[in-house]
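> Below you'll find the structure I mean.
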Amino acid sequence: MNTNFGHTDIIDQGSGIRDQGSGIRDQGSDQDHEPLISVLVTVYNVEKYLNKCVESIINQTYKNLEIILIDDGSTDSSPKICDEYAQKDSRIKVIHKKNAGVFAAKNSALDISTGDFIGFVDSDDYIKPEMYSRLYELLNNNNADMVICGFFDINEDGSTVNCYEGVSDPDKYINPDKQELISQYEAFKRMDKPIALVVTWSKLYKAEIFKNFRFEGGLIHEDTLALHRIINECQRIFFTPEKLYFHVNRAGSLTNEINKYFNSRHFYEITQIFSKRHKFFLERRMFEFSDKAKRILYSTLRKELLRTSYLKHIGVFNYAIINYLKMCMDFRGQNKISNVTILFKCVLKNIIDSILNRLPNY
């Protein structure tokens with residue numbers, strides 16, 4: 001990727017253009033004292049949704065924004081839409097790059113971001129006008145490293161599928177007005193429960209979190225893979241139940257498709273995520289959390305062995321079993337060797353059932 005700020009690869013049109021438009025850049029002295037928030041938006045073939053997404057960002061009540069649109073090799077009109085917005089609003093920078101996946105797009109944006117704080121918005125989603133103003137207020141008032149809000153899970157027609165409050169432990173959540181400040185340790189304990197914690201959007205981060213951090217590639221669920229590493233860079237995490245983000249369940253999106261039924265790639269990713277998480281905590285002698293990663297992989301593996309053909313997906317199942325066996329060979333944490341026996345019994349039963357199902361009925 002060309003790293004200059006020319007028109008074809010990275011576009012920053014300068015401050016004069018906004019002066020001729022709606023005047024967003026001329027907000028008075030208050031904006032001069034506001035810290036800069038970099039909002040990073042990865043874009044790939046979302047021409048149908050991109051306008052609503054970008055409009056929701058440029059119309060934020062918090063005006064001191066650096067908006068970075070990363071066109072990840074789109075083949076529709078998304079690149080043109082990005083460039084048109086850069087012409088209208090001097091706060092917008094556009095990166096055009098060859099398709100390399102969401103993780104690489106986010107990393108490219110992080111490389112050029114200059115904000116004091118970082119936010120992510122998916123290009124088919126949109127946000128409430130007060131989102132970044134409110135998140136900055138909460139982060140600043142509570143001296144937090146990251147603040148998390150709730151969100152609406154909606155269909156393309158705008159109908160609500162579900163609502164998720166930005167709470168640290170929904171199993172214990174009672175008060176709808178509750179806000180909570182938790183430590184890094186508490187976040188590690190609860191990181192697999194609240195869905196609002198798992199995703200990178202619906203949050204505001206201190207930029208220093210990403211000083212020595214970049215997303216890993218090769219996975220669809222790069223957010224989940226990054227979660228424990230992001231928490232490791234935080235000491236104080238603040239949750240608010242306010243729902244300020246709209247997550248759109250887009251028909252045909254990759255995430256929706258792989259979650260409909262057993263998917264070998266999805267299962268492979270789950271294995272990778274929890275194997276890496278296990279190693280991460282083991283190296284730091286945080287055995288409580290390395291054991292938890294092991295238990296999650298075990299329960300997921302057992303569940304799939306009981307409902308999915310082992311012979312049909314033998315490669316990915318063997319990959320998961322081998323990774324689980326490697327976890328069990330480390331005797332510094334809790335060891336459930338008996339679980340290995342259970343897994344092999346599940347495999348044997350699965351194979352026998354597959355053979356019996358193929359026999360003719362008499």
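Residues in the structure tokens are named by chain (A, B, ... in the order shown) and by number from 1 within that chain; ligands are numbered from 1 in the order shown.
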Could you name the residues that touch Glu208 in chain A at 10 Å or less, counting only C-alpha atoms, but leaving out those on the same chain fewer than 5 positions away, as number ranges by chain?
A: 115-118, 145, 213, 233-234
> I'd like the interatomic distance between CA of Arg307 in chain A and CA of Ile321 in chain A, to a tenth of an Å.
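Going from CA of Arg307 in chain A over to CA of Ile321 in chain A covers 15.9 Å.
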> Quick one: pick out all helix (DSSP H, G or I) residues within range 47-249 of chain A from a backbone DSSP run and write them as a ChimeraX atom specification.
/A:50-58,78-88,102-112,131-141,170-172,184-190,195-198,207-210,222-232
> Quick one: everything within 6 Å of Asn45 in chain A, counting only C-alpha atoms, minus sequence neighbours fewer than 4 positions away in the same chain. Send it as a list in words.
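Counting only the stated atoms, we get Ser74, Asp76 and Ser78 of chain A.
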> Would you mind listing what lies within 12 Å of Gly158 in chain A as a ChimeraX atom specification, with only C-alpha atoms counted and same-chain residues fewer than 3 positions away left out?
/A:125-126,152-155,161-162,246-250
> For the residues in that selection, give me N, CA, C and O atoms as a CSV table (one decimal), in the first residue's frame.

```
chain,number,residue,atom,x,y,z
A,125,ASP,N,-23.2,-0.4,10.2
A,125,ASP,CA,-23.9,0.0,11.4
A,125,ASP,C,-24.0,1.5,11.5
A,125,ASP,O,-23.5,2.2,10.6
A,126,TYR,N,-24.6,2.0,12.5
A,126,TYR,CA,-24.7,3.5,12.7
A,126,TYR,C,-24.8,3.8,14.2
A,126,TYR,O,-25.1,2.8,15.0
A,152,PHE,N,-28.2,-1.7,20.2
A,152,PHE,CA,-29.4,-2.4,19.6
A,152,PHE,C,-28.9,-3.3,18.5
A,152,PHE,O,-28.1,-2.9,17.7
A,153,ASP,N,-29.4,-4.5,18.6
A,153,ASP,CA,-29.2,-5.5,17.5
A,153,ASP,C,-30.4,-5.4,16.6
A,153,ASP,O,-31.5,-5.8,17.0
A,154,ILE,N,-30.3,-5.0,15.4
A,154,ILE,CA,-31.5,-4.7,14.5
A,154,ILE,C,-31.3,-5.4,13.2
A,154,ILE,O,-30.3,-5.7,12.7
A,155,ASN,N,-32.5,-5.6,12.5
A,155,ASN,CA,-32.6,-6.1,11.2
A,155,ASN,C,-32.4,-4.9,10.2
A,155,ASN,O,-32.4,-3.7,10.6
A,161,VAL,N,-34.0,-6.7,17.0
A,161,VAL,CA,-33.9,-8.2,17.3
A,161,VAL,C,-33.6,-8.4,18.8
A,161,VAL,O,-34.2,-9.2,19.4
A,162,ASN,N,-32.7,-7.5,19.3
A,162,ASN,CA,-32.4,-7.7,20.7
A,162,ASN,C,-31.7,-6.4,21.2
A,162,ASN,O,-31.3,-5.6,20.4
A,246,PHE,N,-26.1,1.1,17.0
A,246,PHE,CA,-27.0,0.2,16.3
A,246,PHE,C,-26.2,-0.8,15.4
A,246,PHE,O,-25.6,-0.4,14.4
A,247,HIS,N,-26.3,-2.1,15.8
A,247,HIS,CA,-25.6,-3.1,15.0
A,247,HIS,C,-26.6,-3.8,14.1
A,247,HIS,O,-27.6,-4.3,14.5
A,248,VAL,N,-26.3,-3.7,12.8
A,248,VAL,CA,-27.3,-4.2,11.8
A,248,VAL,C,-27.0,-5.6,11.4
A,248,VAL,O,-25.8,-5.9,11.0
A,249,ASN,N,-28.0,-6.5,11.5
A,249,ASN,CA,-27.8,-7.9,11.1
A,249,ASN,C,-28.0,-7.9,9.6
A,249,ASN,O,-29.2,-8.0,9.1
A,250,ARG,N,-27.0,-7.8,8.8
A,250,ARG,CA,-27.1,-7.7,7.4
A,250,ARG,C,-27.2,-9.1,6.7
A,250,ARG,O,-26.4,-10.0,7.0
```
